[in-house]
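Shown next: upload16.tsv, containing TSV, C-alpha atoms.
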chain	number	residue	atom	x	y	z
A	83	MET	CA	5.31	15.19	25.83
A	84	LYS	CA	4.94	18.33	23.69
A	85	ASN	CA	7.11	16.83	20.95
A	86	LYS	CA	5.09	13.60	20.99
A	87	LEU	CA	1.85	15.52	20.57
A	88	SER	CA	3.40	17.59	17.80
A	89	LEU	CA	4.53	14.44	16.00
A	90	LYS	CA	1.03	12.98	16.21
A	91	LEU	CA	-0.41	16.20	14.81
A	92	ILE	CA	2.12	16.17	11.97
A	93	ALA	CA	1.26	12.51	11.28
A	94	ALA	CA	-2.44	13.37	11.12
A	95	LEU	CA	-1.86	16.31	8.77
A	96	LEU	CA	0.43	14.30	6.51
A	97	GLY	CA	-2.12	11.47	6.55
A	98	ALA	CA	-4.76	13.90	5.34
A	99	LEU	CA	-2.38	15.13	2.63
A	100	SER	CA	-1.64	11.54	1.63
A	101	TYR	CA	-5.37	10.88	1.30
A	102	LEU	CA	-5.78	13.92	-0.95
A	103	VAL	CA	-2.89	12.78	-3.15
A	104	MET	CA	-4.45	9.33	-3.31
A	105	GLN	CA	-7.43	10.78	-5.17
A	106	PHE	CA	-5.24	11.44	-8.21
A	107	GLU	CA	-4.87	7.85	-9.36
A	108	PHE	CA	-4.30	6.35	-12.78
A	109	PRO	CA	-3.61	2.94	-14.35
A	110	ILE	CA	0.02	2.05	-15.04
A	111	MET	CA	-0.49	-1.31	-16.78
A	112	PRO	CA	-2.21	-1.52	-20.18
A	113	GLY	CA	-5.54	-3.33	-20.00
A	114	VAL	CA	-5.58	-3.40	-16.18
A	115	ASP	CA	-7.75	-0.39	-15.37
A	116	PHE	CA	-9.01	-1.77	-12.05
A	117	LEU	CA	-5.53	-1.51	-10.49
A	118	LYS	CA	-4.48	2.12	-10.19
A	119	PHE	CA	-1.37	3.90	-8.98
A	120	ASP	CA	-1.05	7.10	-6.98
A	121	PHE	CA	1.80	8.93	-5.28
A	122	SER	CA	0.38	8.95	-1.74
A	123	ASP	CA	2.90	6.35	-0.52
A	124	ILE	CA	5.67	8.88	-1.18
A	125	ILE	CA	4.32	11.06	1.66
A	126	ILE	CA	4.30	8.09	4.02
A	127	VAL	CA	7.85	7.08	3.07
A	128	ALA	CA	9.07	10.66	3.56
A	129	THR	CA	7.32	10.78	6.94
A	130	ILE	CA	9.09	7.62	8.04
A	131	VAL	CA	12.47	8.91	6.89
A	132	CYS	CA	12.02	12.27	8.63
A	133	PHE	CA	10.09	11.34	11.78
A	134	GLY	CA	10.44	7.61	12.30
A	135	TYR	CA	8.51	4.45	11.47
A	136	SER	CA	5.79	4.80	14.10
A	137	THR	CA	4.90	8.32	12.91
A	138	GLY	CA	4.76	7.06	9.34
A	139	ILE	CA	2.42	4.24	10.31
A	140	ILE	CA	0.11	6.73	12.01
A	141	THR	CA	0.14	8.71	8.75
A	142	ALA	CA	-0.79	5.57	6.79
A	143	PHE	CA	-3.52	4.75	9.30
A	144	VAL	CA	-4.99	8.26	9.02
A	145	ARG	CA	-5.06	7.86	5.23
A	146	LEU	CA	-6.85	4.52	5.65
A	147	GLY	CA	-9.36	5.96	8.11
A	148	LEU	CA	-10.18	8.98	5.95
A	149	ALA	CA	-10.64	6.80	2.87
A	150	LEU	CA	-13.11	4.55	4.68
A	151	ILE	CA	-14.98	7.41	6.35
A	152	ILE	CA	-15.36	9.40	3.13
A	153	HIS	CA	-15.94	6.55	0.67
A	154	GLY	CA	-17.82	4.24	3.02
A	155	PHE	CA	-17.23	0.93	4.74
A	156	SER	CA	-18.49	-1.25	1.90
A	157	PRO	CA	-16.80	-4.68	1.64
A	158	PHE	CA	-15.01	-3.70	-1.58
A	159	SER	CA	-13.74	-0.44	-0.09
A	160	LEU	CA	-12.67	-2.11	3.14
A	161	ILE	CA	-10.73	-4.86	1.36
A	162	GLY	CA	-9.05	-2.43	-1.02
A	163	GLU	CA	-8.04	0.14	1.59
A	164	VAL	CA	-6.71	-2.47	4.02
A	165	ALA	CA	-4.73	-4.04	1.16
A	166	ALA	CA	-3.26	-0.60	0.36
A	167	PHE	CA	-2.35	-0.17	4.04
A	168	ILE	CA	-0.62	-3.56	4.11
A	169	ALA	CA	1.20	-2.70	0.86
A	170	VAL	CA	2.79	0.44	2.28
A	171	LEU	CA	3.69	-1.41	5.49
A	172	LEU	CA	5.55	-4.05	3.48
A	173	PHE	CA	7.20	-1.47	1.22
A	174	THR	CA	8.53	0.59	4.13
A	175	LEU	CA	9.35	-2.24	6.55
A	176	PRO	CA	13.08	-2.34	5.65
A	177	LEU	CA	13.32	1.33	6.70
A	178	ILE	CA	13.01	0.18	10.32
A	179	TYR	CA	16.52	-1.25	10.10
A	180	ARG	CA	18.21	1.30	7.83
A	181	LYS	CA	16.90	4.59	6.53
A	182	LYS	CA	18.71	4.18	3.25
A	183	LEU	CA	17.43	4.39	-0.30
A	184	LEU	CA	18.58	0.81	-0.80
A	185	SER	CA	16.08	-0.26	1.85
A	186	LEU	CA	13.28	0.71	-0.53
A	187	VAL	CA	14.72	-1.65	-3.15
A	188	ALA	CA	14.30	-4.44	-0.61
A	189	GLY	CA	10.83	-3.03	0.07
A	190	ILE	CA	9.89	-3.45	-3.60
A	191	PHE	CA	10.50	-7.20	-3.42
A	192	LEU	CA	8.87	-7.52	0.00
A	193	MET	CA	5.73	-5.70	-1.16
A	194	ALA	CA	5.45	-7.45	-4.54
A	195	ILE	CA	5.98	-10.96	-3.18
A	196	GLY	CA	4.01	-10.37	0.02
A	197	LEU	CA	0.98	-8.97	-1.78
A	198	SER	CA	1.11	-11.78	-4.34
A	199	ILE	CA	0.85	-14.33	-1.52
A	200	LEU	CA	-1.87	-12.34	0.25
A	201	ASN	CA	-3.81	-11.93	-3.00
A	202	TYR	CA	-3.74	-15.64	-3.64
A	203	PHE	CA	-4.79	-16.79	-0.18
A	204	ILE	CA	-6.81	-13.87	1.25
A	205	ILE	CA	-7.45	-10.70	-0.78
A	206	THR	CA	-8.77	-12.15	-4.06
A	207	PRO	CA	-10.82	-14.85	-2.27
A	208	LEU	CA	-12.40	-12.09	-0.15
A	209	TYR	CA	-13.25	-10.10	-3.29
A	210	ALA	CA	-14.82	-13.24	-4.71
A	211	LEU	CA	-16.77	-13.79	-1.49
A	212	VAL	CA	-18.36	-10.34	-1.58
A	213	SER	CA	-18.91	-10.44	-5.37
A	214	LEU	CA	-20.62	-13.80	-5.71
A	215	PRO	CA	-23.93	-14.81	-4.11
A	216	HIS	CA	-24.70	-18.02	-2.23
A	217	VAL	CA	-21.27	-18.87	-0.83
A	218	ASP	CA	-21.94	-21.26	2.06
A	219	ASN	CA	-18.49	-22.77	2.64
A	220	PHE	CA	-16.07	-20.23	4.07
A	221	SER	CA	-12.98	-22.42	4.31
A	222	ILE	CA	-9.80	-20.98	2.79
A	223	THR	CA	-9.57	-23.90	0.36
A	224	ASN	CA	-13.10	-23.38	-0.90
A	225	LEU	CA	-12.73	-19.59	-1.16
A	226	ILE	CA	-9.55	-19.99	-3.22
A	227	LYS	CA	-11.37	-22.45	-5.47
A	228	ILE	CA	-14.29	-20.03	-5.89
A	229	ALA	CA	-11.89	-17.17	-6.58
A	230	ASP	CA	-10.16	-19.29	-9.21
A	231	TYR	CA	-13.10	-20.82	-11.08
A	232	GLN	CA	-15.96	-18.34	-10.59
A	233	TYR	CA	-14.30	-14.97	-9.99
A	234	ILE	CA	-11.07	-14.95	-12.02
A	235	ARG	CA	-12.14	-17.21	-14.90
A	236	GLN	CA	-15.77	-16.18	-15.32
A	237	LEU	CA	-15.82	-12.53	-14.24
A	238	LEU	CA	-12.31	-11.39	-15.16
A	239	HIS	CA	-11.90	-13.85	-18.04
A	240	LEU	CA	-8.41	-14.98	-17.06
A	241	PRO	CA	-7.16	-18.60	-17.27
A	242	SER	CA	-6.57	-19.05	-13.53
A	243	LEU	CA	-5.97	-17.37	-10.20
A	244	MET	CA	-2.26	-18.10	-10.49
A	245	THR	CA	-2.18	-16.45	-13.92
A	246	TYR	CA	-3.81	-13.38	-12.39
A	247	ILE	CA	-1.21	-13.28	-9.61
A	248	MET	CA	1.82	-13.81	-11.85
A	249	THR	CA	0.81	-11.61	-14.80
A	250	ILE	CA	-1.08	-8.78	-13.06
A	251	VAL	CA	-0.63	-8.56	-9.27
A	252	LEU	CA	3.12	-9.27	-9.15
A	253	PRO	CA	4.12	-7.00	-12.08
A	254	PHE	CA	1.82	-4.20	-10.87
A	255	ASN	CA	3.35	-4.11	-7.41
A	256	PHE	CA	6.88	-4.34	-8.76
A	257	LEU	CA	6.13	-1.40	-11.07
A	258	LYS	CA	4.45	0.52	-8.25
A	259	GLY	CA	7.46	0.01	-6.00
A	260	ILE	CA	9.92	0.98	-8.73
A	261	ILE	CA	8.07	4.23	-9.49
A	262	ASN	CA	7.89	5.16	-5.81
A	263	THR	CA	11.58	4.37	-5.33
A	264	ILE	CA	12.59	6.47	-8.35
A	265	VAL	CA	10.59	9.42	-7.03
A	266	MET	CA	12.16	9.02	-3.58
A	267	ALA	CA	15.61	8.84	-5.20
A	268	ILE	CA	14.95	12.26	-6.75
A	269	PHE	CA	14.03	13.81	-3.39
A	270	TRP	CA	16.43	11.79	-1.22
A	271	PRO	CA	19.34	14.29	-1.35
A	272	THR	CA	17.03	17.09	-0.20
A	273	LEU	CA	15.63	14.94	2.61
A	274	LYS	CA	19.06	13.87	3.77
A	275	LYS	CA	20.76	17.26	3.51
A	276	ASN	CA	18.03	19.64	4.66
A	277	LEU	CA	14.81	18.16	6.03
A	278	ILE	CA	16.08	15.29	8.16
A	279	PRO	CA	18.65	17.43	10.08
A	280	TYR	CA	16.02	20.14	10.60
A	281	PHE	CA	13.36	17.80	11.94
A	282	GLN	CA	15.90	15.92	14.06
A	283	LYS	CA	16.84	19.23	15.70
A	284	GLN	CA	13.21	20.31	16.19
A	285	PHE	CA	11.73	17.06	17.53
A	286	PHE	CA	14.45	14.73	18.74
A	287	ASN	CA	17.04	16.95	20.44
For the file at hand, write its structure as structure tokens.
Amino acid sequence: MKNKLSLKLIAALLGALSYLVMQFEFPIMPGVDFLKFDFSDIIIVATIVCFGYSTGIITAFVRLGLALIIHGFSPFSLIGEVAAFIAVLLFTLPLIYRKKLLSLVAGIFLMAIGLSILNYFIITPLYALVSLPHVDNFSITNLIKIADYQYIRQLLHLPSLMTYIMTIVLPFNFLKGIINTIVMAIFWPTLKKNLIPYFQKQFFN
């Protein structure tokens, strides 16, 4: 019981740290300033590797909660933060099966493809819904059409929703995953040799 409470406390503290790191964000694709990268996912990945997937998810949830509490529950904030939460879930999902660096390579593809699908059918249509007035048909088909013709083409000045997905969303998430994996590769030997054995001894023995 004591170890479980300690793990939850660690998850909360690491979630707070992840939120702080998230504030230092910057664009990584030229001309796409509205999509920004930060290193907060690294803390969540390290938490999963050291303490297990459930502890890492609590860390990600704390980051989500703090972001919404501090920045507000506006529709734009809510959509963006939930999308970020889903992104890290997809990126780290392969770590459930094997806590290997190669699992993050699989996570890159899972995150990039998964978020591309979600952006096409859910995320971008929701952004369009909260950006445009007088939407009276809330069917998925109509929201995708609105996102395509009124949001992507008129507001973002791109040829189509599919162009947005294939030239911005997909490359951005691939690049995001690659950067995170490279950083984890740098720290992986330290995690494997020192931190993981220490935490295993402290919390799981």
Min atom-atom distance to A:Lys274 from the set A:Ile126, A:Cys132, A:Ala93, A:Val144, counting only C-alpha atoms, belongs to A:Cys132
Point-to-point distance from atom CA of A:Lys181 to atom CA of A:Leu96, Å rounded to tenths: 19.1 Å
List as an NGL selection string the protein and nucleic acid residues near stretch 168-180 of chain A, meaning an atom at most 6 Å away when all atoms listed in the file are counted, but skip any in the same chain fewer than 6 places from it. :A and (189-190 or 192-193)
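Residue nearest A:Leu148, chosen from A:Ala128, A:Leu237, A:Leu99, A:Met244 and counting only C-alpha atoms: A:Leu99.
Minimum atom-to-atom distance to A:Leu183, evaluated using only C-alpha atoms, belongs to A:Asn262 out of A:Thr249, A:Asn262, A:Ser100, A:Ser88.
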